[in-house]
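Peer 1: Below is the file start-v7.txt, with compact mmCIF, C-alpha atoms.
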# COMPACT_ATOMS: atom_id res chain seq x y z
CA MET A 1199 -23.65 1.85 6.42
CA ASN A 1200 -20.16 0.54 7.22
CA TYR A 1201 -19.71 -0.49 3.60
CA VAL A 1202 -20.60 2.99 2.32
CA HIS A 1203 -18.06 4.58 4.67
CA ALA A 1204 -15.43 2.03 3.64
CA PHE A 1205 -16.14 2.73 -0.05
CA LEU A 1206 -15.94 6.50 0.41
CA PHE A 1207 -12.74 6.51 2.47
CA ALA A 1208 -10.73 3.99 0.42
CA GLY A 1209 -11.96 5.60 -2.80
CA PHE A 1210 -10.95 9.05 -1.61
CA VAL A 1211 -7.42 7.91 -0.73
CA CYS A 1212 -7.00 6.25 -4.14
CA PHE A 1213 -8.41 9.39 -5.83
CA LEU A 1214 -5.78 11.51 -4.05
CA GLY A 1215 -3.06 9.11 -5.19
CA GLN A 1216 -4.29 9.31 -8.78
CA LEU A 1217 -4.29 13.13 -8.64
CA ILE A 1218 -0.66 13.13 -7.45
CA LEU A 1219 0.31 10.59 -10.12
CA ASP A 1220 -1.32 12.51 -12.98
CA ASN A 1221 -0.33 16.07 -12.11
CA THR A 1222 3.30 15.51 -11.14
CA LYS A 1223 6.18 13.47 -12.53
CA LEU A 1224 6.26 11.14 -9.50
CA THR A 1225 6.16 7.36 -9.99
CA PRO A 1226 3.80 4.92 -8.21
CA GLY A 1227 6.69 4.15 -5.84
CA HIS A 1228 6.76 7.79 -4.75
CA VAL A 1229 2.98 7.81 -4.24
CA THR A 1230 2.97 4.75 -1.95
CA THR A 1231 5.92 6.16 0.02
CA ILE A 1232 4.15 9.51 0.46
CA PHE A 1233 1.03 7.74 1.71
CA VAL A 1234 2.93 5.66 4.27
CA VAL A 1235 4.58 8.79 5.69
CA LEU A 1236 1.18 10.50 5.66
CA GLY A 1237 -0.28 7.59 7.63
CA THR A 1238 2.36 7.87 10.35
CA LEU A 1239 1.95 11.65 10.46
CA LEU A 1240 -1.83 11.36 10.88
CA ASP A 1241 -1.47 8.90 13.73
CA VAL A 1242 0.77 11.17 15.82
CA PHE A 1243 -2.37 12.78 17.25
CA ASN A 1244 -4.51 9.63 16.91
CA VAL A 1245 -6.37 11.06 13.92
CA TYR A 1246 -6.12 7.85 11.90
CA ASP A 1247 -7.72 5.87 14.74
CA LYS A 1248 -10.88 7.91 14.18
CA PHE A 1249 -10.80 7.08 10.47
CA VAL A 1250 -10.49 3.37 11.35
CA LEU A 1251 -13.49 3.66 13.67
CA TRP A 1252 -15.50 5.46 10.99
CA ALA A 1253 -14.57 3.46 7.89
CA GLY A 1254 -13.51 0.06 9.34
CA GLY A 1255 -11.91 -2.05 6.63
CA GLY A 1256 -11.92 0.90 4.24
CA ALA A 1257 -9.24 2.60 6.34
CA LEU A 1258 -7.23 -0.62 6.83
CA VAL A 1259 -6.91 -1.51 3.14
CA PRO A 1260 -4.94 1.53 1.81
CA ILE A 1261 -1.18 1.59 2.42
CA THR A 1262 -1.63 4.48 4.89
CA SER A 1263 -2.76 1.92 7.48
CA PHE A 1264 0.73 0.37 7.26
CA GLY A 1265 2.26 3.59 8.61
CA HIS A 1266 -0.50 3.89 11.17
CA MET A 1267 0.18 0.39 12.47
CA LEU A 1268 3.95 1.01 12.59
CA ILE A 1269 3.68 4.04 14.87
CA HIS A 1270 0.87 2.41 16.85
CA GLY A 1271 3.08 -0.58 17.67
CA ALA A 1272 6.01 1.73 18.47
CA MET A 1273 3.93 3.77 20.91
CA GLN A 1274 2.56 0.61 22.54
CA GLY A 1275 6.13 -0.62 23.04
CA ALA A 1276 7.14 2.78 24.40
CA GLY A 1277 4.33 2.49 26.93
CA THR A 1278 5.84 -0.64 28.44
CA TYR A 1279 9.61 -0.36 27.85
CA GLY A 1280 10.27 3.38 27.56
CA PHE A 1281 12.65 4.66 24.88
CA MET A 1282 13.88 1.21 23.83
CA GLY A 1283 10.26 0.21 23.37
CA LEU A 1284 10.11 2.25 20.17
CA CYS A 1285 12.44 -0.31 18.61
CA VAL A 1286 10.94 -3.31 20.41
CA GLY A 1287 7.36 -2.65 19.37
CA MET A 1288 7.83 -1.09 15.93
CA PHE A 1289 6.90 -4.24 13.97
CA ASN A 1290 4.51 -5.72 16.53
CA LEU A 1291 1.35 -5.05 14.52
CA THR A 1292 2.71 -5.05 10.96
CA SER A 1293 4.79 -8.23 11.22
CA ALA A 1294 1.91 -10.37 9.93
CA GLY A 1295 1.70 -8.31 6.74
CA ILE A 1296 5.43 -8.10 6.09
CA MET A 1297 6.03 -11.76 6.95
CA SER A 1298 3.25 -13.05 4.73
CA ALA A 1299 4.35 -10.79 1.86
CA ILE A 1300 7.93 -12.11 2.05
CA VAL A 1301 7.02 -15.78 2.46
CA ILE A 1302 4.23 -15.83 -0.13
CA SER A 1303 6.15 -13.92 -2.78
CA PHE A 1304 9.25 -16.09 -2.26
CA PHE A 1305 7.43 -19.39 -2.64
CA LEU A 1306 5.27 -18.19 -5.52
CA SER A 1307 8.37 -16.94 -7.34
CA LEU A 1308 9.80 -20.47 -7.03
CA ILE A 1309 6.73 -21.91 -8.72
CA PHE A 1310 5.91 -19.37 -11.42
CA LYS A 1311 7.98 -18.16 -14.35
CA PRO A 1312 8.29 -14.46 -15.24
CA ARG A 1313 6.08 -13.22 -18.06
CA ASP A 1314 6.87 -10.52 -20.52
CA MET B 236 15.86 21.84 -35.09
CA GLU B 237 15.50 24.63 -32.56
CA LYS B 238 14.86 23.66 -29.00
CA ASN B 239 11.57 25.56 -28.72
CA LYS B 240 10.16 24.07 -31.89
CA TYR B 241 11.11 20.59 -30.74
CA GLN B 242 9.47 21.15 -27.35
CA ASN B 243 6.29 22.33 -29.05
CA LEU B 244 6.26 19.28 -31.30
CA VAL B 245 6.70 16.95 -28.32
CA LYS B 246 3.89 18.69 -26.49
CA LYS B 247 1.65 18.36 -29.52
CA TYR B 248 2.09 14.61 -29.87
CA THR B 249 2.17 13.61 -26.20
CA PRO B 250 -1.15 11.88 -25.51
CA LYS B 251 -3.26 13.95 -23.17
CA GLU B 252 -4.27 12.01 -20.09
CA ASN B 253 -7.87 12.17 -19.05
CA VAL B 254 -7.20 13.40 -15.51
CA LEU B 255 -10.80 13.47 -14.30
CA GLY B 256 -11.63 10.08 -15.82
CA ASN B 257 -8.54 8.51 -14.27
CA GLY B 258 -9.47 9.98 -10.89
CA VAL B 259 -13.03 8.64 -11.04
CA THR B 260 -11.79 5.18 -12.07
CA ALA B 261 -9.30 5.15 -9.18
CA PHE B 262 -12.05 6.30 -6.79
CA ILE B 263 -14.45 3.53 -7.82
CA ILE B 264 -11.91 0.69 -7.93
CA GLY B 265 -10.29 1.82 -4.67
CA GLY B 266 -13.71 2.13 -3.07
CA PHE B 267 -14.55 -1.43 -4.05
CA MET B 268 -11.22 -2.59 -2.58
CA GLY B 269 -12.19 -0.90 0.68
CA MET B 270 -15.61 -2.57 0.62
CA LEU B 271 -13.93 -5.93 -0.04
CA GLY B 272 -11.69 -5.37 2.99
CA GLU B 273 -14.68 -4.51 5.17
CA PHE B 274 -16.57 -7.56 3.87
CA LEU B 275 -13.60 -9.87 4.57
CA ILE B 276 -13.31 -8.52 8.13
CA GLN B 277 -17.02 -9.11 8.78
CA PHE B 278 -16.84 -12.54 7.11
CA TYR B 279 -13.82 -13.79 9.08
CA SER B 280 -15.05 -12.46 12.41
CA TYR B 281 -18.40 -14.19 11.78
CA VAL B 282 -17.07 -17.52 10.50
CA PHE B 283 -14.19 -17.97 12.96
CA SER B 284 -15.96 -15.94 15.71
CA ILE B 285 -12.88 -13.82 16.49
CA PRO B 286 -12.63 -10.09 17.35
CA THR B 287 -12.41 -7.66 14.41
CA LYS B 288 -8.78 -6.81 15.22
CA GLU B 289 -7.61 -10.35 14.50
CA ALA B 290 -9.95 -10.58 11.52
CA SER B 291 -8.34 -7.46 10.02
CA THR B 292 -4.92 -9.15 10.21
CA ILE B 293 -6.26 -12.16 8.30
CA MET B 294 -7.87 -9.75 5.81
CA THR B 295 -4.47 -8.12 5.16
CA VAL B 296 -2.84 -11.52 4.61
CA THR B 297 -5.66 -12.54 2.24
CA LEU B 298 -5.30 -9.39 0.13
CA ILE B 299 -1.50 -9.81 -0.01
CA PHE B 300 -1.90 -13.43 -1.13
CA ALA B 301 -4.42 -12.39 -3.79
CA GLY B 302 -2.09 -9.62 -5.03
CA CYS B 303 0.90 -11.98 -5.26
CA LEU B 304 -1.02 -14.76 -7.00
CA LEU B 305 -2.64 -12.43 -9.54
CA THR B 306 0.76 -10.89 -10.31
CA CYS B 307 2.19 -14.35 -10.95
CA LEU B 308 -0.70 -15.25 -13.23
CA GLY B 309 -0.19 -12.03 -15.18
CA PHE B 310 -3.57 -10.40 -14.56
CA PHE B 311 -2.45 -7.70 -12.19
CA ASP B 312 -0.30 -5.70 -14.61
CA LYS B 313 -3.14 -5.53 -17.13
CA TRP B 314 -5.59 -4.42 -14.45
CA VAL B 315 -3.24 -1.72 -13.12
CA THR B 316 -3.01 -0.07 -16.54
CA SER B 317 -6.79 0.42 -16.53
CA ALA B 318 -7.51 0.78 -12.80
CA LYS B 319 -4.52 3.06 -12.06
CA CYS B 320 -4.10 4.01 -8.40
CA GLY B 321 -7.19 2.05 -7.36
CA LEU B 322 -4.99 -1.04 -7.15
CA ILE B 323 -1.62 0.58 -6.34
CA VAL B 324 -2.55 2.45 -3.16
CA PRO B 325 -4.26 -0.51 -1.41
CA ILE B 326 -2.03 -3.14 0.21
CA THR B 327 -2.23 -5.21 -3.01
CA GLY B 328 0.15 -2.68 -4.63
CA PHE B 329 2.77 -3.48 -1.99
CA ALA B 330 2.41 -7.21 -2.67
CA HIS B 331 2.56 -6.56 -6.41
CA ALA B 332 5.80 -4.57 -6.09
CA MET B 333 7.50 -7.36 -4.13
CA GLN B 334 6.23 -10.17 -6.31
CA SER B 335 7.11 -8.57 -9.63
CA ALA B 336 10.65 -7.76 -8.41
CA ALA B 337 11.12 -11.34 -7.19
CA LEU B 338 9.88 -12.78 -10.50
CA GLU B 339 11.88 -10.40 -12.65
CA TYR B 340 15.23 -11.15 -11.01
CA LYS B 341 14.66 -14.89 -10.66
CA LYS B 342 16.94 -15.64 -13.61
CA GLU B 343 19.93 -14.07 -11.80
CA GLY B 344 19.93 -16.78 -9.17
CA PHE B 345 18.43 -17.37 -5.77
CA VAL B 346 20.79 -15.29 -3.62
CA THR B 347 21.93 -12.50 -5.93
CA GLY B 348 18.61 -12.50 -7.79
CA ILE B 349 15.54 -13.12 -5.63
CA GLY B 350 17.26 -12.54 -2.30
CA ALA B 351 18.96 -9.28 -3.18
CA ASN B 352 16.22 -7.73 -5.29
CA MET B 353 12.94 -8.69 -3.62
CA PHE B 354 12.75 -5.36 -1.78
CA LYS B 355 13.92 -3.32 -4.76
CA LEU B 356 10.56 -1.57 -5.22
CA ALA B 357 8.81 -2.25 -1.91
CA GLY B 358 11.81 -1.36 0.24
CA SER B 359 11.15 2.37 0.10
CA VAL B 360 7.73 1.87 1.70
CA ILE B 361 9.22 -0.04 4.65
CA ILE B 362 12.26 2.21 5.08
CA TYR B 363 10.41 5.52 4.99
CA GLY B 364 7.55 4.10 7.04
CA VAL B 365 9.89 2.86 9.79
CA CYS B 366 12.06 5.99 9.79
CA SER B 367 9.12 8.39 9.92
CA ALA B 368 7.34 6.27 12.55
CA TYR B 369 10.51 6.28 14.68
CA PHE B 370 10.98 10.04 14.27
CA PHE B 371 7.35 10.96 14.99
CA GLY B 372 7.19 8.44 17.82
CA LEU B 373 10.29 9.94 19.42
CA CYS B 374 8.86 13.47 19.09
CA ARG B 375 5.59 12.35 20.65
CA LEU B 376 7.39 10.53 23.46
CA ILE B 377 9.47 13.59 24.32
CA VAL B 378 6.74 16.21 23.94
CA MET B 379 3.62 14.39 25.12
CA GLY B 380 5.18 11.60 27.18
CA GLY B 381 3.69 8.64 25.27
As a first step, turn the structure in this file into structure tokens.
Peer 2:
Amino acid sequence: MNYVHAFLFAGFVCFLGQLILDNTKLTPGHVTTIFVVLGTLLDVFNVYDKFVLWAGGGALVPITSFGHMLIHGAMQGAGTYGFMGLCVGMFNLTSAGIMSAIVISFFLSLIFKPRD
Amino acid sequence: MEKNKYQNLVKKYTPKENVLGNGVTAFIIGGFMGMLGEFLIQFYSYVFSIPTKEASTIMTVTLIFAGCLLTCLGFFDKWVTSAKCGLIVPITGFAHAMQSAALEYKKEGFVTGIGANMFKLAGSVIIYGVCSAYFFGLCRLIVMGG
């Protein structure tokens, strides 16, 4: 049942993105940016946490989960350090993703040649 | 040629996009990406016997690695043209944006090329994500107290 939920949720998010892409003049860069902001907005009232419980990996794969993890880490930091904690904890949960993206893409770009 | 006539001609020859078909394709491909994520979480938590939270981190890293490698091998760009948003909205799209920028500017040198341009496309995601998370977090801290 988990897999069905994951399929439905991730598919729905991608469907929304495709609708935005087709019906407006926005580029894919705009779409991903909109979804990240949407993810942070949804997590202000812990709505996205419920999606994660319902869909599991399906809610963690779309880029919205990046925004959700950012604000989640910030609020966790704020719980322990107060106002400065927003800055301390911001990247706590997302650092694995950002780090691996930087390191992997740097070393792979050393190895591979650009194609055209 | 008059402006109106020209506009009409352009409209006539612009290929019409199959909006519904594109949406269904994005739904199916994106759905399978979600299922793959769920499968990887279950797989890692079973094989390494770790909680699902740590397994989801490894799942993210795996998908990013796959996105970067497939971009380098040249498959990803072909797939995106047919799968549309099904591959852009998942975390693989983020990896693809970084990797393609790094590859494209490689010829301009290591510092002014790769170093300066790696975040050219993916930077907006991080900047707007961090700024909105900070703003919403601050609002929530002031209004609801954490």
Peer 1: Could you tell me which of A:Gly1255, A:Gly1227, A:Gly1237, A:Gly1277 comes closest to Leu298 (chain B) if we count all atoms listed in the file?
Peer 2: A:Gly1255
Peer 1: Considering all atoms listed in the file, can you say which of A:Val1250, A:Tyr1279, A:Leu1236, A:Tyr1201 comes closest to chain B?
Peer 2: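 That would be A:Tyr1201, the residue with the smallest distance to chain B.
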Peer 1: Smallest atom-to-atom distance to chain A: which of B:Pro286, B:Gly321, B:Gly358, B:Gly350, using all atoms listed in the file?
Peer 2: B:Gly321
Peer 1: Calculated over all atoms listed in the file, which of the candidates A:Ile1309, A:Val1229, A:Thr1238, A:Val1259 has the smallest distance to Met1288 (chain A)?
Peer 2: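 Closest candidate: A:Thr1238.
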Peer 1: Identify which of the residues A:Lys1311, A:Gly1283, A:Pro1260, A:Ala1299 lies closest to Gln334 (chain B), counting all atoms listed in the file when measuring atom-to-atom distances.
Peer 2: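 Counting all atoms listed in the file, the residue closest to Gln334 (chain B) is A:Ala1299.
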Peer 1: What's around region 1202-1218 of chain A at 9 Å? Count all atoms listed in the file, leave out sequence neighbours fewer than 3 positions away in its own chain, and write the answer as JSON, numbers by chain.
Peer 2: {"A": [1199, 1221, 1222, 1223, 1224, 1226, 1229, 1230, 1233, 1249, 1252, 1253, 1254, 1255, 1256, 1257, 1258, 1259, 1260, 1262], "B": [254, 255, 257, 258, 259, 260, 261, 262, 263, 264, 265, 266, 267, 268, 269, 270, 271, 272, 273, 319, 320, 321, 322, 323, 324, 325]}
Peer 1: For Ile1302 (chain A), which residue out of B:Asn253, B:Ser291, B:Ser317, B:Thr297 is the nearest one, using all atoms listed in the file?
Peer 2: B:Thr297
